[in-house]
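The next block is entry_28.cif, given as mmCIF, C-alpha atoms (C1' of nucleotides).
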```cif
data_coords
#
loop_
_atom_site.label_atom_id
_atom_site.label_comp_id
_atom_site.auth_asym_id
_atom_site.auth_seq_id
_atom_site.Cartn_x
_atom_site.Cartn_y
_atom_site.Cartn_z
CA MET A 487 -9.71 -25.62 6.89
CA GLU A 488 -8.26 -22.19 7.09
CA PHE A 489 -4.82 -23.34 8.34
CA ILE A 490 -4.05 -25.08 5.10
CA ARG A 491 -3.93 -22.01 2.93
CA PRO A 492 -0.89 -20.45 4.64
CA LEU A 493 0.74 -23.86 4.83
CA ARG A 494 0.32 -24.41 1.08
CA ASP A 495 1.69 -20.93 0.43
CA PHE A 496 4.66 -21.58 2.63
CA LEU A 497 5.47 -24.95 1.09
CA LYS A 498 5.16 -23.60 -2.44
CA SER A 499 7.46 -20.69 -1.69
CA LYS A 500 10.01 -22.92 -0.05
CA TYR A 501 9.71 -25.77 -2.55
CA PRO A 502 8.55 -24.10 -5.80
CA PHE A 503 8.75 -27.38 -7.71
CA LEU A 504 5.80 -28.81 -5.75
CA SER A 505 2.46 -29.06 -7.49
CA ASP A 506 -0.86 -28.68 -5.72
CA GLU A 507 -1.32 -32.40 -6.15
CA ASP A 508 1.99 -33.12 -4.43
CA ILE A 509 0.92 -31.08 -1.46
CA SER A 510 -2.48 -32.72 -1.37
CA MET A 511 -0.79 -36.09 -1.51
CA VAL A 512 1.27 -35.34 1.58
CA MET A 513 -1.72 -33.77 3.31
CA SER A 514 -3.78 -36.89 2.79
CA PHE A 515 -1.30 -38.77 4.97
CA ALA A 516 -1.03 -36.03 7.56
CA GLU A 517 -3.20 -35.05 10.48
CA ILE A 518 -3.78 -31.55 11.75
CA ARG A 519 -4.09 -31.57 15.49
CA GLU A 520 -4.32 -29.03 18.26
CA TYR A 521 -2.53 -29.45 21.55
CA PRO A 522 -2.70 -27.47 24.78
CA GLN A 523 0.38 -26.16 26.50
CA GLY A 524 2.29 -28.87 28.32
CA GLU A 525 1.14 -31.73 26.12
CA GLN A 526 3.78 -34.32 25.35
CA LEU A 527 3.93 -35.24 21.68
CA LEU A 528 6.68 -37.81 22.09
CA ARG A 529 8.41 -39.38 25.05
CA GLU A 530 11.86 -40.85 25.57
CA GLY A 531 11.85 -44.54 24.75
CA GLU A 532 8.91 -44.39 22.37
CA THR A 533 9.17 -46.00 18.98
CA ARG A 534 6.53 -43.91 17.23
CA ARG A 535 8.15 -42.51 14.11
CA ILE A 536 6.70 -39.09 13.50
CA LEU A 537 7.59 -35.82 11.87
CA GLY A 538 5.74 -32.68 12.83
CA PHE A 539 5.24 -29.32 11.21
CA VAL A 540 4.34 -26.38 13.43
CA LEU A 541 1.36 -24.46 12.03
CA GLU A 542 1.00 -22.32 15.13
CA GLY A 543 2.71 -22.18 18.48
CA LEU A 544 6.01 -23.31 19.88
CA VAL A 545 7.37 -26.77 20.51
CA ARG A 546 10.29 -27.72 22.73
CA VAL A 547 12.55 -30.75 22.38
CA TYR A 548 14.44 -31.89 25.45
CA PHE A 549 16.22 -34.81 27.05
CA LEU A 550 16.92 -35.98 30.58
CA ARG A 551 20.39 -36.71 31.91
CA ASP A 552 20.74 -37.62 35.58
CA GLY A 553 17.19 -36.41 36.07
CA VAL A 554 17.99 -32.95 34.73
CA ASP A 555 15.94 -31.47 31.87
CA TYR A 556 18.14 -30.16 29.03
CA THR A 557 16.50 -28.31 26.16
CA PHE A 558 17.76 -29.64 22.86
CA ASP A 559 15.76 -27.44 20.52
CA PHE A 560 12.88 -25.05 19.97
CA ARG A 561 10.64 -25.19 16.94
CA GLU A 562 8.19 -22.49 15.96
CA GLN A 563 5.78 -21.70 13.15
CA PHE A 564 6.66 -23.24 9.79
CA GLU A 565 9.44 -25.33 11.24
CA ILE A 566 9.72 -29.10 11.17
CA PHE A 567 10.45 -31.13 14.26
CA GLY A 568 11.25 -34.76 14.78
CA ASN A 569 14.00 -36.81 16.33
CA LEU A 570 15.80 -37.53 13.12
CA ASP A 571 18.57 -39.56 14.68
CA SER A 572 16.10 -42.10 16.00
CA LEU A 573 14.18 -42.07 12.71
CA LEU A 574 17.35 -42.75 10.73
CA ALA A 575 18.91 -45.30 13.07
CA ASN A 576 15.50 -46.83 13.74
CA VAL A 577 15.92 -46.88 17.49
CA PRO A 578 13.65 -45.59 20.27
CA THR A 579 13.89 -41.87 20.74
CA THR A 580 15.99 -40.35 23.51
CA ARG A 581 14.25 -36.97 23.45
CA PHE A 582 10.88 -35.69 24.56
CA ILE A 583 8.87 -33.34 22.42
CA GLU A 584 6.44 -31.09 24.27
CA VAL A 585 4.14 -28.20 23.51
CA SER A 586 5.40 -24.94 25.01
CA THR A 587 2.58 -22.69 23.82
CA PRO A 588 -0.77 -23.94 22.52
CA CYS A 589 -0.08 -25.47 19.13
CA ARG A 590 -1.63 -26.43 15.89
CA VAL A 591 0.58 -29.09 14.39
CA LEU A 592 0.62 -31.14 11.24
CA MET A 593 1.72 -34.65 12.13
CA ILE A 594 2.92 -37.19 9.63
CA ASP A 595 4.15 -40.73 10.00
CA TYR A 596 7.72 -40.82 8.79
CA ASP A 597 7.38 -44.28 7.30
CA GLU A 598 4.25 -43.31 5.39
CA LEU A 599 6.11 -40.30 4.05
CA GLN A 600 8.90 -42.67 3.09
CA THR A 601 6.39 -44.79 1.19
CA LEU A 602 5.06 -41.73 -0.62
CA THR A 603 8.56 -40.90 -1.80
CA THR A 604 8.76 -44.12 -3.81
CA TYR A 605 5.90 -42.85 -5.95
CA ASN A 606 6.85 -39.22 -6.06
CA ASP A 607 10.37 -37.92 -6.59
CA ARG A 608 9.52 -34.39 -5.52
CA ILE A 609 8.39 -35.59 -2.11
CA GLU A 610 11.61 -37.56 -1.82
CA THR A 611 13.45 -34.33 -2.56
CA ILE A 612 11.69 -32.70 0.36
CA ARG A 613 12.53 -35.58 2.68
CA VAL A 614 16.20 -35.32 1.77
CA HIS A 615 16.04 -31.56 2.10
CA ILE A 616 14.76 -31.86 5.65
CA LEU A 617 17.68 -34.09 6.56
CA GLN A 618 20.15 -31.75 4.93
CA GLU A 619 18.77 -28.68 6.67
CA ASN A 620 19.04 -30.47 9.98
CA LEU A 621 22.61 -31.50 9.32
CA ILE A 622 23.59 -27.97 8.37
CA GLN A 623 21.94 -26.56 11.48
CA SER A 624 23.59 -29.11 13.72
CA ILE A 625 27.01 -28.32 12.30
CA GLN A 626 26.46 -24.62 12.89
CA ARG A 627 25.40 -25.28 16.44
CA VAL A 628 28.51 -27.31 17.18
CA GLU A 629 30.61 -24.45 15.82
CA GLN A 630 28.77 -22.05 18.09
CA TYR A 631 29.25 -24.07 21.25
CA ILE A 632 32.95 -24.28 20.42
CA SER A 633 33.62 -20.67 19.58
CA LEU A 634 31.01 -18.49 21.27
CA LYS A 635 30.59 -17.52 24.91
CA PRO A 636 27.23 -18.17 26.58
CA GLU A 637 26.38 -14.47 26.32
CA GLU A 638 27.06 -14.47 22.60
CA ARG A 639 25.02 -17.60 22.14
CA TYR A 640 22.14 -15.96 24.00
CA LEU A 641 22.23 -12.86 21.82
CA LYS A 642 22.34 -15.03 18.72
CA LEU A 643 19.34 -17.04 19.89
CA LEU A 644 17.44 -13.85 20.69
CA ALA A 645 18.14 -12.56 17.19
CA GLU A 646 16.80 -15.78 15.68
CA ARG A 647 13.83 -16.19 18.02
CA PRO A 648 13.02 -12.79 19.53
CA ALA A 649 9.76 -13.94 21.08
CA LEU A 650 11.29 -16.89 22.90
CA PRO A 651 11.65 -15.30 26.37
CA ASN A 652 7.91 -14.64 26.38
CA GLN A 653 7.10 -18.17 25.33
CA VAL A 654 9.11 -20.44 27.60
CA PRO A 655 10.61 -20.29 31.09
CA LEU A 656 14.11 -18.87 31.02
CA LYS A 657 15.46 -22.01 32.61
CA HIS A 658 14.69 -23.88 29.40
CA ILE A 659 16.58 -21.29 27.39
CA ALA A 660 19.47 -21.61 29.82
CA THR A 661 19.92 -25.34 29.31
CA TYR A 662 19.66 -24.86 25.55
CA LEU A 663 22.61 -22.48 25.83
CA GLY A 664 24.54 -24.84 28.07
CA VAL A 665 24.40 -22.76 31.25
CA THR A 666 22.34 -22.71 34.43
CA ALA A 667 19.26 -20.56 34.94
CA VAL A 668 21.08 -18.47 37.54
CA SER A 669 23.88 -17.78 35.11
CA LEU A 670 21.50 -16.78 32.32
CA SER A 671 19.77 -14.42 34.71
CA ARG A 672 23.10 -12.71 35.34
CA ILE A 673 23.85 -12.58 31.62
CA ARG A 674 20.54 -10.80 31.04
CA ASN A 675 21.34 -8.38 33.80
CA ARG A 676 24.71 -7.59 32.23
CA ILE A 677 23.17 -7.05 28.82
CA LYS A 678 20.62 -4.58 30.16
CA SER A 679 23.48 -2.32 31.33
CA ASP A 680 24.32 -0.94 27.91
CA MET B 1066 48.52 -51.57 -3.91
CA GLU B 1067 48.60 -53.04 -0.48
CA PHE B 1068 46.40 -50.31 1.10
CA ILE B 1069 43.38 -51.40 -0.86
CA ARG B 1070 43.02 -54.80 0.73
CA PRO B 1071 42.19 -53.49 4.24
CA LEU B 1072 40.00 -50.80 2.72
CA ARG B 1073 37.98 -53.38 0.77
CA ASP B 1074 37.68 -55.50 3.90
CA PHE B 1075 36.52 -52.54 5.90
CA LEU B 1076 33.94 -51.43 3.35
CA LYS B 1077 32.57 -54.93 2.95
CA SER B 1078 32.20 -55.40 6.68
CA LYS B 1079 30.52 -52.04 7.09
CA TYR B 1080 28.38 -52.28 3.95
CA PRO B 1081 27.91 -56.02 3.38
CA PHE B 1082 25.61 -55.42 0.41
CA LEU B 1083 28.51 -54.08 -1.68
CA SER B 1084 29.92 -56.28 -4.41
CA ASP B 1085 33.58 -56.24 -5.42
CA GLU B 1086 32.49 -54.50 -8.59
CA ASP B 1087 30.77 -51.74 -6.60
CA ILE B 1088 33.95 -51.08 -4.68
CA SER B 1089 36.03 -51.13 -7.83
CA MET B 1090 33.61 -48.68 -9.39
CA VAL B 1091 34.09 -46.20 -6.58
CA MET B 1092 37.83 -46.79 -6.54
CA SER B 1093 38.10 -45.99 -10.22
CA PHE B 1094 36.92 -42.49 -9.43
CA ALA B 1095 39.06 -42.11 -6.35
CA GLU B 1096 42.70 -41.24 -5.86
CA ILE B 1097 44.96 -42.55 -3.17
CA ARG B 1098 47.37 -39.88 -2.08
CA GLU B 1099 49.94 -39.43 0.64
CA TYR B 1100 50.39 -36.19 2.49
CA PRO B 1101 52.99 -35.03 4.98
CA GLN B 1102 52.10 -33.58 8.34
CA GLY B 1103 50.87 -30.00 8.08
CA GLU B 1104 49.55 -30.29 4.53
CA GLN B 1105 46.29 -28.49 3.88
CA LEU B 1106 43.76 -30.59 2.02
CA LEU B 1107 41.12 -27.89 1.85
CA ARG B 1108 41.03 -24.21 2.72
CA GLU B 1109 38.30 -21.86 3.79
CA GLY B 1110 36.64 -20.26 0.78
CA GLU B 1111 37.52 -23.06 -1.63
CA THR B 1112 34.84 -24.53 -3.83
CA ARG B 1113 36.48 -27.90 -4.42
CA ARG B 1114 33.90 -30.52 -3.54
CA ILE B 1115 35.72 -33.46 -2.06
CA LEU B 1116 35.15 -36.33 0.30
CA GLY B 1117 38.09 -38.08 1.88
CA PHE B 1118 38.60 -41.42 3.51
CA VAL B 1119 41.48 -41.83 5.93
CA LEU B 1120 43.52 -44.94 5.12
CA GLU B 1121 46.26 -44.04 7.57
CA GLY B 1122 46.97 -41.12 9.84
CA LEU B 1123 44.94 -38.36 11.40
CA VAL B 1124 43.17 -35.41 9.84
CA ARG B 1125 41.98 -32.26 11.61
CA VAL B 1126 39.10 -30.01 10.56
CA TYR B 1127 39.12 -26.46 11.88
CA PHE B 1128 37.79 -22.99 11.30
CA LEU B 1129 38.91 -19.46 12.06
CA ARG B 1130 36.86 -16.95 14.01
CA ASP B 1131 38.45 -13.58 14.78
CA GLY B 1132 41.77 -15.06 13.80
CA VAL B 1133 41.49 -17.86 16.34
CA ASP B 1134 41.84 -21.50 15.27
CA TYR B 1135 38.96 -23.69 16.52
CA THR B 1136 39.11 -27.42 15.95
CA PHE B 1137 35.84 -28.68 14.55
CA ASP B 1138 36.68 -32.35 14.22
CA PHE B 1139 39.28 -35.08 14.12
CA ARG B 1140 39.14 -37.96 11.65
CA GLU B 1141 41.28 -41.05 11.89
CA GLN B 1142 41.73 -44.37 10.11
CA PHE B 1143 38.63 -45.66 8.32
CA GLU B 1144 36.71 -42.45 8.90
CA ILE B 1145 35.28 -40.17 6.26
CA PHE B 1146 35.87 -36.45 6.25
CA GLY B 1147 34.39 -33.65 4.23
CA ASN B 1148 32.61 -30.40 4.83
CA LEU B 1149 29.16 -31.78 4.24
CA ASP B 1150 27.33 -28.55 4.87
CA SER B 1151 29.14 -26.84 2.02
CA LEU B 1152 28.69 -29.90 -0.21
CA LEU B 1153 24.96 -29.94 0.46
CA ALA B 1154 24.33 -26.22 0.28
CA ASN B 1155 26.78 -25.89 -2.60
CA VAL B 1156 28.64 -22.96 -1.09
CA PRO B 1157 32.36 -22.40 -0.50
CA THR B 1158 33.62 -24.18 2.56
CA THR B 1159 34.15 -22.38 5.85
CA ARG B 1160 36.48 -24.98 7.32
CA PHE B 1161 40.06 -25.99 6.69
CA ILE B 1162 41.09 -29.62 6.53
CA GLU B 1163 44.69 -30.35 7.41
CA VAL B 1164 46.90 -33.36 7.96
CA SER B 1165 47.84 -33.80 11.61
CA THR B 1166 49.97 -36.90 11.24
CA PRO B 1167 51.36 -38.20 7.91
CA CYS B 1168 48.39 -39.56 6.01
CA ARG B 1169 47.38 -41.87 3.28
CA VAL B 1170 44.01 -40.69 2.08
CA LEU B 1171 41.49 -41.77 -0.49
CA MET B 1172 40.07 -38.69 -2.14
CA ILE B 1173 36.90 -38.64 -4.18
CA ASP B 1174 35.08 -35.88 -5.97
CA TYR B 1175 31.67 -35.59 -4.39
CA ASP B 1176 29.96 -34.73 -7.65
CA GLU B 1177 31.51 -37.70 -9.39
CA LEU B 1178 30.30 -39.90 -6.58
CA GLN B 1179 26.90 -38.30 -7.04
CA THR B 1180 27.00 -39.25 -10.71
CA LEU B 1181 27.91 -42.83 -9.85
CA THR B 1182 24.88 -43.06 -7.62
CA THR B 1183 22.55 -42.58 -10.58
CA TYR B 1184 23.85 -45.80 -12.03
CA ASN B 1185 24.26 -47.76 -8.85
CA ASP B 1186 21.73 -47.82 -6.05
CA ARG B 1187 24.09 -49.38 -3.56
CA ILE B 1188 26.51 -46.52 -3.92
CA GLU B 1189 23.64 -44.12 -3.42
CA THR B 1190 22.85 -46.00 -0.23
CA ILE B 1191 26.39 -45.37 0.98
CA ARG B 1192 26.18 -41.69 0.16
CA VAL B 1193 22.97 -41.37 2.14
CA HIS B 1194 24.47 -43.40 4.94
CA ILE B 1195 27.40 -41.00 5.22
CA LEU B 1196 25.02 -38.08 5.57
CA GLN B 1197 22.96 -39.90 8.17
CA GLU B 1198 25.98 -40.86 10.24
CA ASN B 1199 27.14 -37.28 10.21
CA LEU B 1200 23.74 -36.02 11.31
CA ILE B 1201 23.57 -38.50 14.15
CA GLN B 1202 27.06 -37.59 15.29
CA SER B 1203 26.31 -33.87 15.15
CA ILE B 1204 23.18 -34.32 17.23
CA GLN B 1205 25.11 -36.26 19.84
CA ARG B 1206 27.75 -33.58 19.97
CA VAL B 1207 25.20 -30.84 20.53
CA GLU B 1208 23.74 -32.88 23.37
CA GLN B 1209 27.20 -33.21 24.88
CA TYR B 1210 28.02 -29.52 24.77
CA ILE B 1211 24.70 -28.83 26.45
CA SER B 1212 24.85 -31.38 29.21
CA LEU B 1213 28.50 -32.25 29.89
CA LYS B 1214 31.22 -30.27 31.62
CA PRO B 1215 34.51 -29.73 29.77
CA GLU B 1216 36.17 -32.38 31.93
CA GLU B 1217 33.50 -34.92 31.04
CA ARG B 1218 33.79 -34.04 27.37
CA TYR B 1219 37.54 -34.57 27.57
CA LEU B 1220 37.19 -38.00 29.16
CA LYS B 1221 34.64 -38.96 26.54
CA LEU B 1222 36.92 -37.85 23.73
CA LEU B 1223 39.82 -39.77 25.26
CA ALA B 1224 37.68 -42.90 25.41
CA GLU B 1225 36.79 -42.51 21.73
CA ARG B 1226 40.24 -41.50 20.53
CA PRO B 1227 42.80 -42.66 23.09
CA ALA B 1228 45.79 -41.86 20.89
CA LEU B 1229 44.76 -38.28 20.23
CA PRO B 1230 46.98 -36.54 22.83
CA ASN B 1231 50.02 -38.12 21.16
CA GLN B 1232 48.91 -37.06 17.72
CA VAL B 1233 47.99 -33.40 17.98
CA PRO B 1234 48.94 -30.44 20.17
CA LEU B 1235 46.70 -30.22 23.20
CA LYS B 1236 45.64 -26.74 22.22
CA HIS B 1237 43.74 -28.24 19.32
CA ILE B 1238 41.99 -30.68 21.60
CA ALA B 1239 41.13 -27.77 23.87
CA THR B 1240 39.31 -25.78 21.20
CA TYR B 1241 37.48 -28.92 20.11
CA LEU B 1242 36.18 -29.19 23.66
CA GLY B 1243 35.26 -25.51 23.81
CA VAL B 1244 37.90 -24.45 26.36
CA THR B 1245 41.31 -22.80 26.31
CA ALA B 1246 44.59 -24.69 26.30
CA VAL B 1247 45.38 -23.44 29.80
CA SER B 1248 42.10 -24.74 31.07
CA LEU B 1249 42.57 -28.14 29.47
CA SER B 1250 45.99 -28.36 31.06
CA ARG B 1251 44.38 -27.84 34.46
CA ILE B 1252 41.72 -30.42 33.70
CA ARG B 1253 44.41 -32.96 32.90
CA ASN B 1254 46.17 -32.10 36.12
CA ARG B 1255 42.97 -32.65 38.09
CA ILE B 1256 42.35 -35.99 36.43
CA LYS B 1257 45.84 -37.28 37.26
CA SER B 1258 45.07 -36.80 40.97
CA ASP B 1259 42.89 -39.88 41.35
"C1'" DG C 665 77.03 -25.40 20.32
"C1'" DA C 666 74.08 -21.28 20.44
"C1'" DT C 667 69.78 -19.45 19.33
"C1'" DA C 668 65.10 -19.31 18.07
"C1'" DT C 669 60.54 -21.30 18.01
"C1'" DG C 670 56.44 -23.66 19.57
"C1'" DC C 671 54.05 -26.11 23.10
"C1'" DA C 672 52.62 -27.50 27.81
"C1'" DT C 673 52.62 -26.26 32.26
"C1'" DT C 674 52.40 -23.25 36.13
"C1'" DA C 675 51.48 -18.99 38.52
"C1'" DA C 676 48.85 -14.90 39.61
"C1'" DC C 677 44.94 -12.57 38.99
"C1'" DT C 678 40.26 -11.52 36.98
"C1'" DT C 679 35.97 -12.92 35.33
"C1'" DT C 680 32.49 -16.06 34.84
"C1'" DT C 681 29.87 -19.83 36.16
"C1'" DG C 682 28.06 -23.27 39.50
"C1'" DT C 683 25.70 -24.11 43.84
"C1'" DT C 684 22.69 -23.27 47.48
"C1'" DA C 685 19.55 -20.57 49.63
"C1'" DA C 686 16.63 -16.56 50.39
"C1'" DT C 687 13.38 -13.27 48.34
"C1'" DT C 688 9.87 -11.73 45.39
"C1'" DA C 689 6.21 -12.10 42.18
"C1'" DG C 690 2.80 -14.54 39.72
"C1'" DT C 691 -0.48 -18.38 39.07
"C1'" DC C 692 -3.53 -21.85 40.40
"C1'" DA C 693 -6.65 -24.60 43.42
"C1'" DG C 694 -9.38 -24.80 47.07
"C1'" DC D 1000 -8.75 -14.79 50.46
"C1'" DT D 1001 -5.27 -18.20 51.51
"C1'" DG D 1002 -1.83 -21.54 50.86
"C1'" DA D 1003 0.93 -24.11 47.58
"C1'" DC D 1004 3.66 -24.08 43.74
"C1'" DT D 1005 6.74 -22.33 40.15
"C1'" DA D 1006 9.80 -19.15 38.13
"C1'" DA D 1007 13.12 -15.34 38.18
"C1'" DT D 1008 16.12 -12.74 40.61
"C1'" DT D 1009 19.54 -11.77 44.02
"C1'" DA D 1010 23.03 -12.85 47.46
"C1'" DA D 1011 27.00 -15.29 49.14
"C1'" DC D 1012 30.37 -18.35 48.49
"C1'" DA D 1013 33.00 -22.05 45.97
"C1'" DA D 1014 34.69 -23.82 41.77
"C1'" DA D 1015 36.00 -23.39 37.22
"C1'" DA D 1016 37.52 -20.95 33.32
"C1'" DG D 1017 39.70 -16.88 30.96
"C1'" DT D 1018 43.85 -13.95 30.53
"C1'" DT D 1019 48.51 -12.79 30.64
"C1'" DA D 1020 52.95 -13.84 31.62
"C1'" DA D 1021 56.79 -16.71 33.13
"C1'" DT D 1022 59.15 -21.15 33.03
"C1'" DG D 1023 60.78 -25.38 31.30
"C1'" DC D 1024 61.36 -28.53 27.47
"C1'" DA D 1025 61.84 -30.24 23.19
"C1'" DT D 1026 62.80 -29.48 18.43
"C1'" DA D 1027 64.53 -27.14 14.63
"C1'" DT D 1028 67.90 -23.74 12.45
"C1'" DC D 1029 71.88 -21.52 11.82
#
```
Target encoding structure tokens, full file:
Amino acid sequence: MEFIRPLRDFLKSKYPFLSDEDISMVMSFAEIREYPQGEQLLREGETRRILGFVLEGLVRVYFLRDGVDYTFDFREQFEIFGNLDSLLANVPTTRFIEVSTPCRVLMIDYDELQTLTTYNDRIETIRVHILQENLIQSIQRVEQYISLKPEERYLKLLAERPALPNQVPLKHIATYLGVTAVSLSRIRNRIKSD
Amino acid sequence: MEFIRPLRDFLKSKYPFLSDEDISMVMSFAEIREYPQGEQLLREGETRRILGFVLEGLVRVYFLRDGVDYTFDFREQFEIFGNLDSLLANVPTTRFIEVSTPCRVLMIDYDELQTLTTYNDRIETIRVHILQENLIQSIQRVEQYISLKPEERYLKLLAERPALPNQVPLKHIATYLGVTAVSLSRIRNRIKSD
DNA sequence: GATATGCATTAACTTTTGTTAATTAGTCAG
DNA sequence: CTGACTAATTAACAAAAGTTAATGCATATC
């Protein structure tokens, strides 16, 4: 499969201590799947315990509050997604995961990965690393909601994910930023006038 | 020391798998210290790698952006504080930790705790548990900044920490919520009128 | 006691955001 | 091609938040 080569390369550059056998070991428990735009990979209330790795495409994580759709996160190529809070607390998930642009995704059962880690310390290191990266990112996001204006948050998001406005409706970007779609539209208008 | 009794009780109720020897083991590497209001336990840029446990009092975590003080977190009795992102990424901290009301604090060197965990699996479990709790809390906070109005965030904070307005200046609560002190004052005024 | 300092509130005004609705453009199904 | 649907923008107005400054209050300092 031609998708595995770039994945191997990526993993080995990010985690140089991994051997080819380590990667094969993980792969043997993972599934590569393709999903069309709009597909739901996980729904609120489900107890399936999965981690995903985006090989191609864009995935959106969101939740509903009072019937309103709030975007929690975007995940693109070579990023890991999963509702870690529900995996760690072992409770049903509160967030949906859906495919925003057609995706090729590597899916792995979190508990099977957990089992692998008892045999292989390097895979355990990766599991811990995923948790740590998520914690660090969450902390940074809290800091940003506290100290940045919506416009600044938008510019920051654009810098990190320049292609995003072409990949998802702006209304989903708006809720990610904590504002309404109308307000984001005005922010974009203001920015243009420079 | 009479502060250790309630601490032991708390730890054993939260982590029932701990033996008295486990707790003593951690204690032997920890220091109980008292600090007056206003004391700084950690400063931006420092590389000291510490975790703290509040035995009594209230601690505030904050950061500076463009010279402005933004409150990142409050920690009260029986809560753990520490700049986990800098501990995990092994970089100097970006956040200050200061004493808001006179405190009795148990301080432990994170790396010494780390060393303990190689000899004692139950202590490792606690270390991991601390990280997981922090991740879960951070995720919930991101969700709240996205989907709740400042007034709702204030009411939620009050429900969680009812004593807070008597313990810290309101301006610090305001920045925690992501608004100005003037705005929080108006929110409080609005709430009174019920 | 007089003065200085810091904090919360209030006021006055500006800016931004929320809300609702209308408009426009694009996509899809028949 | 037409009608239905969705998304983005724009308009108009209301509500909320930011900004600056003034006031009152408590506390600390001399």
(request) Go through the shown structure with the PyMOL selection byres ((chain C and resi 694) around 12) and write out the matching residues as a list in words. (result) DC692 and DA693 of chain C; DC1000, DT1001, DG1002 and DA1003 of chain D
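From atom CA of Thr580 of chain A back to atom CA of Glu646 of chain A, the distance works out to 25.8 Å.
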(request) Take the point (62.5, -27.6, 15.4) as written in the file and pick out every residue within 9 Å of it, counting only C-alpha atoms (C1' of nucleotides); give the list as a PyMOL selection string. (result) (chain C and resi 669-670) or (chain D and resi 1025-1028)
For the selection you just gave me, I'd like the residues written to a file as a PDB file, keeping the file's coordinate frame, keeping C-alpha atoms (C1' of nucleotides).
```
ATOM      1  C1'  DT C 669      60.540 -21.300  18.010  1.00  0.00           C
ATOM      2  C1'  DG C 670      56.440 -23.660  19.570  1.00  0.00           C
TER       3       DG C 670
ATOM      4  C1'  DA D1025      61.840 -30.240  23.190  1.00  0.00           C
ATOM      5  C1'  DT D1026      62.800 -29.480  18.430  1.00  0.00           C
ATOM      6  C1'  DA D1027      64.530 -27.140  14.630  1.00  0.00           C
ATOM      7  C1'  DT D1028      67.900 -23.740  12.450  1.00  0.00           C
TER       8       DT D1028
END
```
(request) Just say which residues the PyMOL selection byres ((chain A) within 8 of (chain C)) picks in this file, as a ChimeraX atom specification. (result) /A:665-666,669
(message) Using the chain letters and numbers from this file, what does the PyMOL selection byres ((chain A) within 9 of (chain D)) select? Give the answer as number ranges by chain.
(response) A: 655-657, 667-668, 671-672
(request) Write out as a PyMOL selection string every residue belonging to chain A that has an atom at most 12 Å from any atom of chain B, counting only C-alpha atoms. (result) chain A and resi 547-559+569-577+580-581+613-636+658-666
(message) Residues near Pro1167 of chain B, anyone? I mean within 7 Å using only C-alpha atoms (C1' of nucleotides), not counting same-chain ones fewer than 6 positions away, as a count of residues only.
(response) 4
(request) Could you jot down the atom CA of Arg535 of chain A to atom CA of Tyr596 of chain A separation for me, Å, one decimal place? (result)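 Straight-line distance from atom CA of Arg535 of chain A to atom CA of Tyr596 of chain A works out to 5.6 Å.
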(message) Could you tell me how far atom CA of Ile1191 of chain B sits from atom CA of Glu1111 of chain B, in Å to one decimal place?
(response)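 Taking atom CA of Glu1111 of chain B and atom CA of Ile1191 of chain B, their separation equals 25.1 Å.
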(request) Kindly extract all protein, DNA and RNA residues lying within 10 Å of the coordinates (30.8, -39.6, -4.4) given in the file, considering all atoms listed in the file, and supply them as JSON, numbers by chain. (result) {"B": [1091, 1094, 1095, 1114, 1115, 1116, 1117, 1172, 1173, 1174, 1175, 1176, 1177, 1178, 1179, 1180, 1181, 1182, 1188, 1189, 1191, 1192]}
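Between Thr579 of chain A and the residues A:Val540, A:Leu528, A:Leu592, A:Ile677, the shortest atom-to-atom distance, using only C-alpha atoms, involves A:Leu528.
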(message) When you look at Cys589 of chain A with a cut-off of 12 Å (counting all atoms listed in the file), what residues show up, excluding the ones that are within fewer than 6 positions of it in the same chain? I need them as a ChimeraX atom specification.
(response) /A:489,518-527,538-546,561-564,653
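With distances restricted to all atoms listed in the file, B:Arg1169 is the closest residue to Glu1067 of chain B from B:Arg1226, B:Arg1169, B:Arg1218, B:Arg1253.
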Padding 4 Å on every side, please: axis-aligned box over the listed atoms of segment 578-596 of chain A, centre and edge lengths to one decimal in Å, as JSON.
```
{"center_x": 7.2, "center_y": -34.1, "center_z": 16.9, "size_x": 25.6, "size_y": 30.9, "size_z": 24.2}
```
